[in-house]
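> Dumping the structure here so I can ask a few things about it.
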Amino acid sequence: MTWFSLLVLIPLAAVVATAAGGGWSGFWQSITSENVVAAIRLTVWQAFLVTLINAVMGTATAWVLVRYQFYGKRLLDVAIDIPFALPTIVAGLVLVSLYGDGSTAEIPLLGIPLDWATDERAITLAFLFVTLPFIVRTVQPVLEELDHDVEEAAASLGASRLTIFRRIILPSLTPAIAAGAALSFARAISEFGALVLLSSNLPNKTEVISIRVLSFIEGDDPAAAAAVATVMLAIALLVIVVLDILQRRVSRRG
Amino acid sequence: MSIDIKGVNKLFGDFVALEDVNVTIPTGQLTALLGPSGGGKSTLLRIIAGLDSADSGSIEIEGVDATKLPPQKRNVGFVFQHYAAFKHMTVAKNVAFGLEIRKKSKAEVRDRVDELLKLVHLSQFAHRLPSQLSGGQRQRMALARALAVEPTVLLLDEPFGALDAKVRKELRDWLRRLHDEVHVTTIFVTHDQEEALEVADEIVVINEGRVEQKGTPDQLYDEPANNFVMGFLGEVTTLGGHLVRPHDIEITTDPISAGAEEGEVSRVLRIGFEVRLTVLTDDGEEVVVVLTRTHARSLGLDVGSHVWLAPAEGANTVLALDKAATSG
């Protein structure tokens, strides 16, 4: 507890204190300014979207890694963690070179150009890139530990494969998916490195919240930066609590 | 009408799990598949349920060829050694699962679940989660869940294997009484000969992927087909080149009968009411003899006593052809 306090609680309290230092009206003004509201909306929406995609794709990826044997499986299993290990600015760099202004990349066959760096899709892609491992890695061990007897029992009671997945497997995975989703969402709303380069950071358009905070600091307005940070703290807490409640509900329902 | 298993073979890699198994399981009876671990009895049960498939051969359940049917379509109830409880569902939900799959009306499901929970004495636990039940209770829940769908056959894979000795004995009695009430064709796998002898109407002895013998408990015990069955169904010892049960040996301190083997008591072990003697015969056989403590005392037996041994009148003996096969 002391350790946690020293490392987390005290610095967080300091941020809140700094935010409060500007007075209530200053705080309110900072967080309701047009740029900030747009940035919060964009960040939360994108993080939500990406978490949703991850919940499906991450579970599917974990499923494939656990249940199927195929050539290159070990390699894929290791490669999943690359976005973890990579400094996110490198991720940004990689994405810029592919989707940036000068890019000539196209979707194969369709010829749709991939110069997405200046709109929201760039943020979605960057978020997906950095949050890819979270749900895979939380679901995978649970799936491995899953008792095969239980699925056989359900099958002999007449349940189809889909019903077995929906009523037996999914409820067992829900806590893991929720945990992974919380991590994924948290990672997304806090993402910085991958976006500094990528999304052009146009205020009101493609500027995410972490970069908004940077802009405030660069503009010598630490109180506003701290105010925004406090809001982010509240959002993060809210999401973690909501996911926890959701997870308890779903895993009890069956 | 019954379960007909014909010419079933199953290989796991190089390992022969089942080799040309032909057996008919009678309808409405409680049949035990008995044999040592790894002998193929669980594999046979899983093949009947459709959880594994045979490499060749056919399975017919009550006149329907089930060889190619998936487990969903066989209408069998399967109970696993480790319960296979749906952990996130209450006891009542577990039992209701098969009924809900079959799209029964809510009222019908509720009535049937109530009835089954009463049958397995779990009514007061209907709203608990499986993790809040003891092992024995969980297994009864699993049984109710399997019975809920009114299966043609109930298959139990070492159902009491994970339970402690006392609960195992209780459940064994209970299963027997339950079967007398429900009369569903039941096959259960066990490696415990006492369990099979006590509970089953019919026993199929399976060893190394083959059926060694099939019959009632009395038939198997009294007329074992071979050394293996004799040895597996109870303790045996060798006397004069024949296998005989240690409690079926008559022991005397005088040479009364003509064919008796002469020997000397080399070891005496008392366990409660019984005394186990090891007798070294003049022919060099080590014979185990079991008798009551009172009997041993009346004969005044101790290490070094000179004795004569003969099979008791009416005892079963089997010619010991292969000593290795009977040592287990």
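Chain labels A, B, ... are given in the sequence in which chains occur in the structure tokens; within each chain residues are numbered consecutively from 1, and ligands are likewise numbered from 1 in the order shown.
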Identify every residue of chain B that has at least one atom within 7 Å of any atom of chain A, counting only C-alpha atoms, and report the result as a ChimeraX atom specification.

/B:51,71-73,76-78,84-86,88-89,98,101

> Taking the chain letters and numbering used in this document, name the residues of segment 94-308 of chain B that DSSP puts in strand (DSSP E), as a PyMOL selection string.

chain B and resi 153-157+185-190+202-207+210-215+237-239+242-244+249-252+261-271+274-281+286-292+306-308

> Please indicate the distance in Å from atom CA of Ala181 of chain A to atom CA of Ile245 of chain A, rounded to one decimal place.

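Separation between atom CA of Ala181 of chain A and atom CA of Ile245 of chain A: 13.1 Å.
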
> Using only C-alpha atoms, which of B:Thr190, B:Ser56, B:Ser131, B:Asn9 sits nearest Phe80 of chain B?

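Smallest separation from Phe80 of chain B among the options: B:Thr190.
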
> Could you tell me how far atom CA of Val318 of chain B sits from atom CA of Thr252 of chain B, in Å to one decimal place?

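Atom CA of Val318 of chain B lies at a distance of 22.3 Å from atom CA of Thr252 of chain B.
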
> Return the single residue from B:His306, B:Arg297, B:His191, B:His183 that is closest to Gly28 of chain B, with distances computed using only C-alpha atoms.

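Smallest separation from Gly28 of chain B among the options: B:His183.
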
> Using the chain letters and numbers from this document, which residues of segment 42-277 of chain B does DSSP assign to alpha helix (DSSP H), as a PyMOL selection string?

chain B and resi 42-49+91-101+106-119+135-148+165-182+193-199+217-222+227-233

> So that I can check the surroundings of segment 32-43 of chain B, please list as a VMD selection string every protein, DNA and RNA residue that reaches within 6 Å of it, counting only C-alpha atoms and ignoring chain neighbours fewer than 3 positions away.

chain B and resid 17 to 18 46 187 to 191 196 200 203 to 209

> Would you pick out the contacts of Glu286 of chain B at 12 Å or less, using only C-alpha atoms, so that residues sharing its chain but fewer than 5 positions from it are not included, and give the list as a PyMOL selection string?

chain B and resi 236-241+246+261-267+277-281+309

> Since we have the selection now, will you write its residues out, keeping C-alpha atoms, as an mmCIF file, in the first residue's frame?


```
data_model
loop_
_atom_site.group_PDB
_atom_site.id
_atom_site.type_symbol
_atom_site.label_atom_id
_atom_site.label_comp_id
_atom_site.auth_asym_id
_atom_site.auth_seq_id
_atom_site.Cartn_x
_atom_site.Cartn_y
_atom_site.Cartn_z
ATOM 1 C CA VAL B 236 -5.172 -64.794 -5.599
ATOM 2 C CA THR B 237 -2.286 -66.976 -4.583
ATOM 3 C CA THR B 238 -0.717 -70.049 -6.161
ATOM 4 C CA LEU B 239 -1.056 -73.455 -4.561
ATOM 5 C CA GLY B 240 0.170 -76.582 -6.287
ATOM 6 C CA GLY B 241 0.313 -74.829 -9.648
ATOM 7 C CA PRO B 246 -6.253 -67.003 -0.121
ATOM 8 C CA GLU B 261 0.912 -79.434 0.304
ATOM 9 C CA GLU B 262 3.302 -79.452 3.205
ATOM 10 C CA GLY B 263 5.012 -76.267 4.341
ATOM 11 C CA GLU B 264 6.171 -73.932 7.067
ATOM 12 C CA VAL B 265 4.660 -70.605 8.139
ATOM 13 C CA SER B 266 7.225 -67.924 7.340
ATOM 14 C CA ARG B 267 5.266 -64.778 8.158
ATOM 15 C CA LEU B 277 -0.051 -66.125 6.723
ATOM 16 C CA THR B 278 2.728 -66.631 4.261
ATOM 17 C CA VAL B 279 3.536 -70.318 3.966
ATOM 18 C CA LEU B 280 6.659 -71.607 2.255
ATOM 19 C CA THR B 281 5.796 -75.058 0.869
ATOM 20 C CA LEU B 309 -2.519 -76.680 2.760
#
```

> For Thr152 of chain B, work out the shell of residues within 10 Å, counting only C-alpha atoms and skipping chain neighbours fewer than 5 positions away, then give it as a ChimeraX atom specification.

/B:2-3,27-28,61-62,74-77,147,184-186
